[in-house]
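Undergrad: Got a structure for you, work.pdb, holding PDB, C-alpha atoms.
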```
ATOM      1  CA  MET A   1     -11.022   9.998  10.545
ATOM      2  CA  THR A   2     -11.517  12.332  13.479
ATOM      3  CA  GLY A   3     -10.882  16.039  13.251
ATOM      4  CA  ASP A   4     -12.289  18.865  11.153
ATOM      5  CA  THR A   5     -11.644  17.661   7.609
ATOM      6  CA  THR A   6     -12.946  20.981   6.269
ATOM      7  CA  GLU A   7      -9.947  22.762   7.720
ATOM      8  CA  VAL A   8      -7.365  19.971   7.447
ATOM      9  CA  PRO A   9      -8.325  17.923   4.394
ATOM     10  CA  ILE A  10      -5.539  15.349   4.532
ATOM     11  CA  GLU A  11      -4.520  13.527   7.708
ATOM     12  CA  LEU A  12      -1.072  12.029   8.119
ATOM     13  CA  GLY A  13      -0.754   8.373   9.034
ATOM     14  CA  LEU A  14       1.959   5.779   9.439
ATOM     15  CA  CYS A  15       2.409   2.277   8.063
ATOM     16  CA  LEU A  16       3.497   0.112  10.996
ATOM     17  CA  ALA A  17       5.349  -2.550   8.979
ATOM     18  CA  ALA A  18       8.755  -0.939   9.560
ATOM     19  CA  LEU A  19       8.050  -0.857  13.292
ATOM     20  CA  ALA A  20       7.207  -4.559  13.543
ATOM     21  CA  PRO A  21      10.450  -5.427  15.406
ATOM     22  CA  ALA A  22       9.155  -3.339  18.336
ATOM     23  CA  GLY A  23       5.958  -5.399  18.621
ATOM     24  CA  LEU A  24       2.464  -3.959  18.501
ATOM     25  CA  ASP A  25       2.632  -1.948  21.719
ATOM     26  CA  GLY A  26       6.053  -0.563  20.785
ATOM     27  CA  ALA A  27       4.880   0.305  17.270
ATOM     28  CA  LEU A  28       1.792   2.112  18.586
ATOM     29  CA  ALA A  29       3.884   3.993  21.126
ATOM     30  CA  ALA A  30       6.291   5.055  18.362
ATOM     31  CA  ALA A  31       3.364   6.311  16.284
ATOM     32  CA  GLY A  32       2.142   8.325  19.233
ATOM     33  CA  ARG A  33       5.583   9.839  19.813
ATOM     34  CA  ALA A  34       5.667  10.834  16.152
ATOM     35  CA  GLY A  35       2.378  12.667  16.594
ATOM     36  CA  VAL A  36       0.420  10.274  14.378
ATOM     37  CA  ARG A  37      -3.121   9.182  15.293
ATOM     38  CA  VAL A  38      -3.928   6.935  12.302
ATOM     39  CA  VAL A  39      -2.015   3.817  11.286
ATOM     40  CA  ASP A  40      -1.985   1.077   8.689
ATOM     41  CA  LEU A  41      -1.857  -2.151  10.694
ATOM     42  CA  PRO A  42      -0.263  -5.093   8.851
ATOM     43  CA  ALA A  43      -1.952  -8.405   9.609
ATOM     44  CA  ASP A  44       0.711 -10.476   7.825
ATOM     45  CA  SER A  45       1.824 -13.532   9.785
ATOM     46  CA  THR A  46       5.418 -12.684   8.827
ATOM     47  CA  PHE A  47       5.300  -9.362  10.713
ATOM     48  CA  GLY A  48       3.822 -10.765  13.912
ATOM     49  CA  LEU A  49       2.171  -7.489  14.902
ATOM     50  CA  VAL A  50      -1.146  -9.273  15.375
ATOM     51  CA  ALA A  51      -1.961 -12.886  16.164
ATOM     52  CA  ALA A  52      -2.836 -14.097  12.672
ATOM     53  CA  ASP A  53      -4.485 -17.239  14.038
ATOM     54  CA  ARG A  54      -6.876 -15.055  16.090
ATOM     55  CA  ALA A  55      -7.636 -12.428  13.461
ATOM     56  CA  GLU A  56     -11.257 -13.577  13.198
ATOM     57  CA  ASP A  57     -11.869 -13.808  16.963
ATOM     58  CA  PRO A  58     -14.219 -11.084  18.309
ATOM     59  CA  GLY A  59     -12.611 -11.404  21.721
ATOM     60  CA  TYR A  60      -9.243 -10.643  20.200
ATOM     61  CA  HIS A  61     -10.739  -7.674  18.365
ATOM     62  CA  ALA A  62     -11.933  -6.282  21.698
ATOM     63  CA  GLU A  63      -8.469  -6.792  23.185
ATOM     64  CA  LEU A  64      -6.843  -4.931  20.296
ATOM     65  CA  ARG A  65      -9.375  -2.094  20.506
ATOM     66  CA  ALA A  66      -8.488  -1.634  24.168
ATOM     67  CA  ARG A  67      -4.765  -1.501  23.379
ATOM     68  CA  LEU A  68      -5.402   1.029  20.633
ATOM     69  CA  ALA A  69      -7.593   3.182  22.881
ATOM     70  CA  ALA A  70      -4.875   3.224  25.530
ATOM     71  CA  THR A  71      -2.450   4.823  23.069
ATOM     72  CA  GLY A  72      -4.894   7.196  21.361
ATOM     73  CA  VAL A  73      -4.138   5.604  17.992
ATOM     74  CA  GLU A  74      -6.787   4.346  15.577
ATOM     75  CA  VAL A  75      -6.478   1.952  12.648
ATOM     76  CA  GLY A  76      -7.412   3.499   9.333
ATOM     77  CA  CYS A  77      -6.474   0.436   7.311
ATOM     78  CA  VAL A  78      -5.666  -3.216   8.007
ATOM     79  CA  SER A  79      -3.322  -4.613   5.381
ATOM     80  CA  ASN A  80      -1.938  -7.930   4.225
ATOM     81  CA  SER A  81       0.581  -8.178   1.406
ATOM     82  CA  ARG A  82       2.418 -11.452   2.083
ATOM     83  CA  ASP A  83      -0.039 -14.142   3.150
ATOM     84  CA  THR A  84      -2.683 -12.882   0.726
ATOM     85  CA  GLN A  85      -0.139 -12.895  -2.133
ATOM     86  CA  LEU A  86      -0.529 -16.666  -2.176
ATOM     87  CA  LEU A  87      -4.120 -16.494  -3.404
ATOM     88  CA  LEU A  88      -3.050 -15.803  -7.003
ATOM     89  CA  GLY A  89       0.630 -16.531  -6.682
ATOM     90  CA  PRO A  90       3.225 -17.140  -7.767
ATOM     91  CA  HIS A  91       2.964 -20.577  -6.193
ATOM     92  CA  GLY A  92       6.547 -21.737  -6.618
ATOM     93  CA  PRO A  93       9.604 -21.212  -4.405
ATOM     94  CA  HIS A  94       9.149 -17.419  -4.480
ATOM     95  CA  THR A  95       6.439 -17.681  -1.825
ATOM     96  CA  ASP A  96       7.790 -20.654   0.149
ATOM     97  CA  PRO A  97       9.053 -18.362   2.953
ATOM     98  CA  VAL A  98       5.402 -17.542   3.688
ATOM     99  CA  LEU A  99       4.083 -21.096   3.225
ATOM    100  CA  ALA A 100       5.801 -24.044   1.584
ATOM    101  CA  GLY A 101       3.680 -26.632  -0.141
ATOM    102  CA  PRO A 102       1.597 -27.292  -3.246
ATOM    103  CA  ALA A 103      -0.266 -24.572  -5.104
ATOM    104  CA  GLU A 104      -3.679 -25.560  -3.722
ATOM    105  CA  ALA A 105      -2.436 -25.229  -0.152
ATOM    106  CA  LYS A 106      -0.985 -21.825  -0.943
ATOM    107  CA  ARG A 107      -4.182 -20.621  -2.584
ATOM    108  CA  ALA A 108      -6.229 -21.768   0.409
ATOM    109  CA  HIS A 109      -3.826 -19.986   2.775
ATOM    110  CA  GLY A 110      -4.103 -16.772   0.748
ATOM    111  CA  LEU A 111      -7.892 -16.842   0.754
ATOM    112  CA  ARG A 112      -8.088 -17.539   4.511
ATOM    113  CA  ALA A 113      -5.706 -14.665   5.181
ATOM    114  CA  ALA A 114      -7.676 -12.256   2.996
ATOM    115  CA  LEU A 115     -10.976 -13.100   4.681
ATOM    116  CA  ALA A 116      -9.372 -12.859   8.115
ATOM    117  CA  THR A 117      -7.897  -9.448   7.262
ATOM    118  CA  VAL A 118     -11.329  -8.133   6.274
ATOM    119  CA  ARG A 119     -12.861  -9.505   9.493
ATOM    120  CA  LEU A 120     -10.085  -7.950  11.558
ATOM    121  CA  ALA A 121     -10.660  -4.570   9.878
ATOM    122  CA  ALA A 122     -14.384  -4.817  10.639
ATOM    123  CA  GLY A 123     -13.703  -5.826  14.240
ATOM    124  CA  LEU A 124     -11.396  -2.837  14.756
ATOM    125  CA  GLY A 125     -13.700  -0.385  13.008
ATOM    126  CA  ALA A 126     -11.157   0.249  10.247
ATOM    127  CA  PRO A 127     -12.792   1.430   7.014
ATOM    128  CA  LEU A 128     -10.204  -0.115   4.690
ATOM    129  CA  ALA A 129      -8.570  -3.508   4.119
ATOM    130  CA  ARG A 130      -5.585  -3.244   1.781
ATOM    131  CA  LEU A 131      -4.991  -6.615   0.141
ATOM    132  CA  MET A 132      -2.280  -7.709  -2.271
ATOM    133  CA  LEU A 133      -3.599 -10.895  -3.869
ATOM    134  CA  GLY A 134      -0.684 -11.683  -6.156
ATOM    135  CA  VAL A 135      -0.678 -12.300  -9.895
ATOM    136  CA  PRO A 136      -1.313 -15.572 -11.781
ATOM    137  CA  ASP A 137       1.091 -15.056 -14.707
ATOM    138  CA  LEU A 138       3.650 -12.265 -15.000
ATOM    139  CA  SER A 139       4.497 -13.325 -18.567
ATOM    140  CA  ARG A 140       1.221 -11.719 -19.632
ATOM    141  CA  TRP A 141       3.072  -8.411 -19.451
ATOM    142  CA  LEU A 142       4.250  -9.300 -22.964
ATOM    143  CA  SER A 143       2.397 -10.088 -26.172
ATOM    144  CA  TRP A 144       3.209 -13.356 -27.981
ATOM    145  CA  TRP A 145       2.922 -13.991 -31.689
ATOM    146  CA  GLY A 146      -0.303 -15.748 -32.615
ATOM    147  CA  SER A 147      -1.715 -15.576 -29.061
ATOM    148  CA  ASP A 148      -4.686 -13.616 -27.775
ATOM    149  CA  VAL A 149      -3.592 -13.976 -24.131
ATOM    150  CA  SER A 150      -3.357 -10.566 -22.474
ATOM    151  CA  TRP A 151      -3.094  -8.888 -19.084
ATOM    152  CA  GLN A 152      -6.881  -8.772 -19.018
ATOM    153  CA  ASP A 153      -6.792 -12.516 -18.286
ATOM    154  CA  ASN A 154      -5.010 -11.684 -15.021
ATOM    155  CA  VAL A 155      -7.627  -9.029 -14.257
ATOM    156  CA  ASP A 156     -10.436 -11.528 -14.861
ATOM    157  CA  ALA A 157      -8.711 -14.101 -12.632
ATOM    158  CA  TRP A 158      -8.376 -11.499  -9.868
ATOM    159  CA  ALA A 159     -12.069 -10.618 -10.080
ATOM    160  CA  ARG A 160     -13.093 -14.289  -9.818
ATOM    161  CA  ALA A 161     -10.756 -15.053  -6.930
ATOM    162  CA  ALA A 162     -11.772 -11.917  -5.028
ATOM    163  CA  GLU A 163     -15.530 -12.571  -5.158
ATOM    164  CA  PRO A 164     -15.888 -14.111  -1.657
ATOM    165  CA  ILE A 165     -13.579 -11.451  -0.203
ATOM    166  CA  LEU A 166     -15.551  -8.596  -1.713
ATOM    167  CA  GLU A 167     -18.848 -10.132  -0.604
ATOM    168  CA  LEU A 168     -17.592 -10.370   2.981
ATOM    169  CA  ALA A 169     -16.220  -6.825   2.847
ATOM    170  CA  ALA A 170     -19.527  -5.422   1.596
ATOM    171  CA  ALA A 171     -21.422  -7.245   4.349
ATOM    172  CA  SER A 172     -18.920  -6.041   6.974
ATOM    173  CA  GLY A 173     -18.817  -2.370   6.016
ATOM    174  CA  VAL A 174     -15.179  -2.583   4.928
ATOM    175  CA  ARG A 175     -13.779  -1.344   1.627
ATOM    176  CA  VAL A 176     -11.110  -3.454  -0.065
ATOM    177  CA  VAL A 177      -8.315  -1.408  -1.625
ATOM    178  CA  VAL A 178      -5.561  -2.500  -3.989
ATOM    179  CA  GLU A 179      -2.106  -0.979  -4.373
ATOM    180  CA  PRO A 180      -0.484  -0.894  -7.833
ATOM    181  CA  HIS A 181       2.785  -2.802  -7.562
ATOM    182  CA  PRO A 182       4.886  -4.881  -9.981
ATOM    183  CA  LYS A 183       3.980  -8.046  -8.047
ATOM    184  CA  GLN A 184       0.242  -7.457  -8.423
ATOM    185  CA  VAL A 185      -2.429  -7.601 -11.107
ATOM    186  CA  ALA A 186      -2.767  -3.818 -10.746
ATOM    187  CA  TYR A 187       0.817  -2.744 -11.413
ATOM    188  CA  ASP A 188       0.416   0.555 -13.282
ATOM    189  CA  PRO A 189      -2.334   3.121 -13.959
ATOM    190  CA  ALA A 190      -3.762   1.221 -16.969
ATOM    191  CA  SER A 191      -3.975  -2.137 -15.183
ATOM    192  CA  ALA A 192      -5.381  -0.404 -12.092
ATOM    193  CA  ARG A 193      -8.163   1.120 -14.189
ATOM    194  CA  ALA A 194      -8.905  -2.298 -15.705
ATOM    195  CA  LEU A 195      -9.126  -3.910 -12.266
ATOM    196  CA  LEU A 196     -11.347  -1.159 -10.867
ATOM    197  CA  ALA A 197     -13.649  -1.570 -13.865
ATOM    198  CA  ALA A 198     -13.875  -5.321 -13.191
ATOM    199  CA  ALA A 199     -14.481  -5.062  -9.425
ATOM    200  CA  ALA A 200     -17.186  -2.680  -8.269
ATOM    201  CA  GLY A 201     -16.576  -1.026  -4.921
ATOM    202  CA  VAL A 202     -12.834  -1.667  -4.800
ATOM    203  CA  GLY A 203     -10.699   1.355  -3.949
ATOM    204  CA  LEU A 204      -7.143   2.303  -4.783
ATOM    205  CA  CYS A 205      -4.094   2.921  -2.607
ATOM    206  CA  VAL A 206      -1.529   4.822  -4.676
ATOM    207  CA  ASP A 207       2.163   4.826  -3.844
ATOM    208  CA  PRO A 208       3.750   7.400  -6.184
ATOM    209  CA  ALA A 209       7.216   5.947  -5.540
ATOM    210  CA  ASN A 210       6.184   2.463  -6.686
ATOM    211  CA  LEU A 211       4.738   3.870  -9.899
ATOM    212  CA  ALA A 212       7.706   6.167 -10.482
ATOM    213  CA  ALA A 213      10.012   3.158 -10.042
ATOM    214  CA  VAL A 214       8.509   1.599 -13.184
ATOM    215  CA  GLY A 215       8.573   4.793 -15.214
ATOM    216  CA  HIS A 216       5.304   6.607 -14.452
ATOM    217  CA  ASP A 217       4.977  10.256 -13.527
ATOM    218  CA  PRO A 218       4.494  10.431  -9.726
ATOM    219  CA  VAL A 219       2.298  13.559  -9.874
ATOM    220  CA  ARG A 220      -0.019  12.196 -12.542
ATOM    221  CA  ALA A 221      -0.161   8.968 -10.521
ATOM    222  CA  VAL A 222      -2.419  10.615  -7.929
ATOM    223  CA  ARG A 223      -4.629  12.491 -10.392
ATOM    224  CA  GLY A 224      -7.905  11.458 -11.960
ATOM    225  CA  TRP A 225      -9.065   8.706  -9.591
ATOM    226  CA  GLY A 226     -11.850  10.634  -7.893
ATOM    227  CA  GLU A 227     -13.559   8.729  -5.095
ATOM    228  CA  ARG A 228     -11.742   5.516  -6.040
ATOM    229  CA  LEU A 229      -8.580   6.920  -4.407
ATOM    230  CA  ALA A 230      -8.923   5.675  -0.828
ATOM    231  CA  ALA A 231      -5.354   5.887   0.544
ATOM    232  CA  VAL A 232      -1.924   7.200  -0.437
ATOM    233  CA  HIS A 233       1.532   6.037   0.637
ATOM    234  CA  ALA A 234       4.459   8.411   1.014
ATOM    235  CA  LYS A 235       8.101   7.527   0.511
ATOM    236  CA  ASP A 236      10.877   8.869  -1.692
ATOM    237  CA  LEU A 237      12.890   7.240  -4.474
ATOM    238  CA  GLN A 238      16.400   7.236  -5.894
ATOM    239  CA  TRP A 239      17.476   5.869  -9.278
ATOM    240  CA  TRP A 240      20.967   4.449  -9.959
ATOM    241  CA  ARG A 241      22.213   6.109 -13.163
ATOM    242  CA  GLU A 242      25.891   5.173 -13.047
ATOM    243  CA  PRO A 243      27.548   2.284 -14.939
ATOM    244  CA  GLY A 244      27.983  -0.955 -13.033
ATOM    245  CA  ASP A 245      26.119  -2.232 -10.028
ATOM    246  CA  PRO A 246      24.971   0.229  -7.354
ATOM    247  CA  ALA A 247      26.973   0.690  -4.195
ATOM    248  CA  GLY A 248      25.358   0.857  -0.770
ATOM    249  CA  ALA A 249      22.329  -0.611   0.970
ATOM    250  CA  GLY A 250      18.725  -0.875  -0.107
ATOM    251  CA  TRP A 251      19.034  -1.087  -3.888
ATOM    252  CA  SER A 252      16.710  -3.368  -5.844
ATOM    253  CA  ARG A 253      15.126  -3.647  -9.277
ATOM    254  CA  TYR A 254      11.523  -3.687 -10.411
ATOM    255  CA  GLY A 255      11.991  -5.810 -13.515
ATOM    256  CA  PRO A 256      14.499  -4.904 -16.253
ATOM    257  CA  GLY A 257      14.751  -1.206 -15.406
ATOM    258  CA  PRO A 258      17.556   0.582 -13.546
ATOM    259  CA  ALA A 259      18.197  -0.112  -9.890
ATOM    260  CA  ILE A 260      16.134   1.925  -7.446
ATOM    261  CA  ARG A 261      15.973   2.373  -3.705
ATOM    262  CA  PHE A 262      13.379   3.894  -1.463
ATOM    263  CA  ARG A 263      14.255   6.726   0.871
ATOM    264  CA  ALA A 264      12.646   8.876   3.520
ATOM    265  CA  LEU A 265      10.950  11.954   2.088
ATOM    266  CA  GLY A 266      13.430  14.639   1.136
ATOM    267  CA  ALA A 267      16.276  12.164   0.619
ATOM    268  CA  GLY A 268      15.207  11.104  -2.869
ATOM    269  CA  GLU A 269      14.189  12.634  -6.174
ATOM    270  CA  LEU A 270      10.387  12.720  -6.164
ATOM    271  CA  PRO A 271       8.629  16.140  -6.298
ATOM    272  CA  TRP A 272       6.633  15.797  -3.110
ATOM    273  CA  PRO A 273       5.514  19.457  -3.053
ATOM    274  CA  SER A 274       3.884  18.873  -6.447
ATOM    275  CA  ILE A 275       2.422  15.504  -5.379
ATOM    276  CA  VAL A 276       0.828  17.021  -2.263
ATOM    277  CA  ALA A 277      -0.468  19.978  -4.280
ATOM    278  CA  ALA A 278      -2.023  17.538  -6.769
ATOM    279  CA  LEU A 279      -3.773  15.676  -3.945
ATOM    280  CA  LEU A 280      -5.159  18.946  -2.608
ATOM    281  CA  ASP A 281      -6.250  19.992  -6.111
ATOM    282  CA  GLU A 282      -7.997  16.641  -6.565
ATOM    283  CA  GLY A 283      -9.938  17.122  -3.330
ATOM    284  CA  TYR A 284      -8.401  14.036  -1.737
ATOM    285  CA  ARG A 285      -9.797  13.569   1.762
ATOM    286  CA  GLY A 286      -8.130  10.351   2.871
ATOM    287  CA  VAL A 287      -5.024   9.566   4.892
ATOM    288  CA  LEU A 288      -1.473  10.050   3.598
ATOM    289  CA  TYR A 289       0.513   7.209   5.172
ATOM    290  CA  VAL A 290       4.267   7.527   5.624
ATOM    291  CA  GLU A 291       5.855   4.211   4.638
ATOM    292  CA  HIS A 292       9.428   3.933   5.899
ATOM    293  CA  GLU A 293      11.622   1.733   3.672
ATOM    294  CA  ASP A 294      14.887   3.676   3.910
ATOM    295  CA  ALA A 295      17.900   1.385   4.388
ATOM    296  CA  LEU A 296      20.229   4.270   5.269
ATOM    297  CA  LEU A 297      18.316   5.970   8.078
ATOM    298  CA  PRO A 298      17.134   4.592  11.436
ATOM    299  CA  THR A 299      13.389   4.077  11.401
ATOM    300  CA  ALA A 300      12.563   6.780  13.940
ATOM    301  CA  GLN A 301      14.687   9.340  12.102
ATOM    302  CA  GLY A 302      13.292   8.433   8.687
ATOM    303  CA  VAL A 303       9.710   8.604   9.949
ATOM    304  CA  ALA A 304      10.349  11.957  11.660
ATOM    305  CA  ASN A 305      11.957  13.413   8.526
ATOM    306  CA  SER A 306       9.089  12.272   6.304
ATOM    307  CA  LEU A 307       6.393  13.581   8.636
ATOM    308  CA  ALA A 308       8.173  16.913   9.032
ATOM    309  CA  LEU A 309       8.348  17.414   5.276
ATOM    310  CA  LEU A 310       4.657  16.581   4.802
ATOM    311  CA  ARG A 311       3.576  18.786   7.697
ATOM    312  CA  GLY A 312       5.344  21.660   5.993
ATOM    313  CA  LEU A 313       3.413  21.037   2.771
ATOM    314  CA  LEU A 314      -0.079  20.440   4.146
ATOM    315  CA  PRO A 315      -2.347  23.274   5.346
ATOM    316  CA  HIS A 316      -2.820  23.370   9.121
ATOM    317  CA  SER A 317      -6.101  25.243   8.679
ATOM    318  CA  ALA A 318      -8.269  26.583   5.882
ATOM    319  CA  ALA A 319      -6.262  28.610   3.360
ATOM    320  CA  GLU A 320      -7.437  32.210   2.968
ATOM    321  CA  GLY A 321      -6.461  32.476  -0.688
ATOM    322  CA  ARG A 322      -5.065  35.718  -2.009
ATOM    323  CA  THR A 323      -5.868  38.522   0.444
ATOM    324  CA  TRP A 324      -4.337  41.511  -1.372
TER     325      TRP A 324
END
```
Would you write the structure of this file as structure tokens?

TA:
Amino acid sequence: MTGDTTEVPIELGLCLAALAPAGLDGALAAAGRAGVRVVDLPADSTFGLVAADRAEDPGYHAELRARLAATGVEVGCVSNSRDTQLLLGPHGPHTDPVLAGPAEAKRAHGLRAALATVRLAAGLGAPLARLMLGVPDLSRWLSWWGSDVSWQDNVDAWARAAEPILELAAASGVRVVVEPHPKQVAYDPASARALLAAAAGVGLCVDPANLAAVGHDPVRAVRGWGERLAAVHAKDLQWWREPGDPAGAGWSRYGPGPAIRFRALGAGELPWPSIVAALLDEGYRGVLYVEHEDALLPTAQGVANSLALLRGLLPHSAAEGRTW
């Protein structure tokens, strides 16, 4: 991204999904007001921020570039997590809100969306395309007596299905990144390492809150990836530890664990000073994208709170070290 990365190693960005109700121009204006110059642009048809049926049209790319230039905002990543989910599934009623129909139709829709997202990223000059391609069989989380089926079968299926997407990305100068999530083949550090080993050139987008929600240490989650770490998401997390069902808005469950809800930074329990310090220690030089999913705070307030906390943790210029 622009700027002197020697002095300011990590740039702050904003995921625009939460701003989709404002439309693209409204979302870009909100990013500008928040002092953010780099955004993650969702290409999902369900968000409606871009014209999904024109995502491969060079004329449309030029139109979007002009709108971006007018606001001083650039796209660091084009993402798709809903349409592309249909490539590997599930293909039952879970994904009918995106596209109803037989599995083959859903798979074809997912592949088209993934290819279109890569082409849109290339047309906008975005270096990354973050794709969530789904998972063929979640039951492979578990081992079964007498069976040699394992999670590696999901990894192998992902690598086969992603071949045309990765070929297009390589030819277009775009890097595909995956985000560990319970609905994806890469859902934890071990499965992410297996997928990266099976797919050369693929990068990683780590969301410490997603990994903490399924029991992983959020500081360790950002360590040890080296150049494979291409993007990081920032949001906070609360766990429900009381008996009975949780009260209030925004609670959900990632599998059989306790209820969790995502919050703006500073309103949850994650050690963001330690997470940011770990990123700096690791020499991370990508964008740290605020992802607003707080059901208790208005979007503008949650985004402002998160950005303020991160700005207080990140160096504004080169650190002098100990001077006494």

Undergrad: Could you state the separation of atom CA of Glu227 of chain A and atom CA of Gly76 of chain A in Å, given to one decimal place?

TA: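 Computing it gives 16.5 Å between the two atoms.
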
Undergrad: Expanded to explicit residues, what is the PyMOL selection byres ((chain A and resi 270-283) around 6) for this file, as a count of residues only?

TA: 4

Undergrad: Counting all atoms listed in the file, what is within 8 Å of Trp240 of chain A, bar same-chain residues fewer than 5 positions away, as a ChimeraX atom specification?

TA: /A:246,258-260

Undergrad: Using only C-alpha atoms, which residue out of A:Asp156, A:Asp217, A:Asp294, A:Glu179 lies closest to Leu88 of chain A?

TA: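 So, comparing all the options, the nearest one is A:Asp156.
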
Undergrad: Which one of A:Arg160, A:Arg261, A:Lys235, A:His94 sits closest to Arg82 of chain A if you count only C-alpha atoms?

TA: A:His94

Undergrad: Run the PyMOL selection byres ((chain A and resi 59-73) around 6) mentally over the shown coordinates, then write out the matched residues as a list of chain:residue names, using the chain letters and numbers from the document.

TA: A:Arg37, A:Val38, A:Asp57, A:Pro58, A:Glu74, A:Gly123

Undergrad: Please write as a PyMOL selection string the full residue list that the PyMOL selection byres ((chain A and resi 182) around 12) yields on this file.

TA: chain A and resi 132+134-135+137-138+141+179-181+183-189+191-192+207+209-215+253-257

Undergrad: What's around His233 of chain A at 12 Å? Count only C-alpha atoms, leave out sequence neighbours fewer than 2 positions away in its own chain, and write the answer as a PyMOL selection string.

TA: chain A and resi 11-15+39-40+77+130+179-180+204-211+218+221-222+229-231+235-236+264-265+272+275-276+279+286-293+306+310

Undergrad: Would you mind listing what lies within 9 Å of Leu133 of chain A as an MDAnalysis selection string, with only C-alpha atoms counted and same-chain residues fewer than 6 positions away left out?

TA: chainID A and resid 80:89 110:111 114 158 161:162 178 184:185
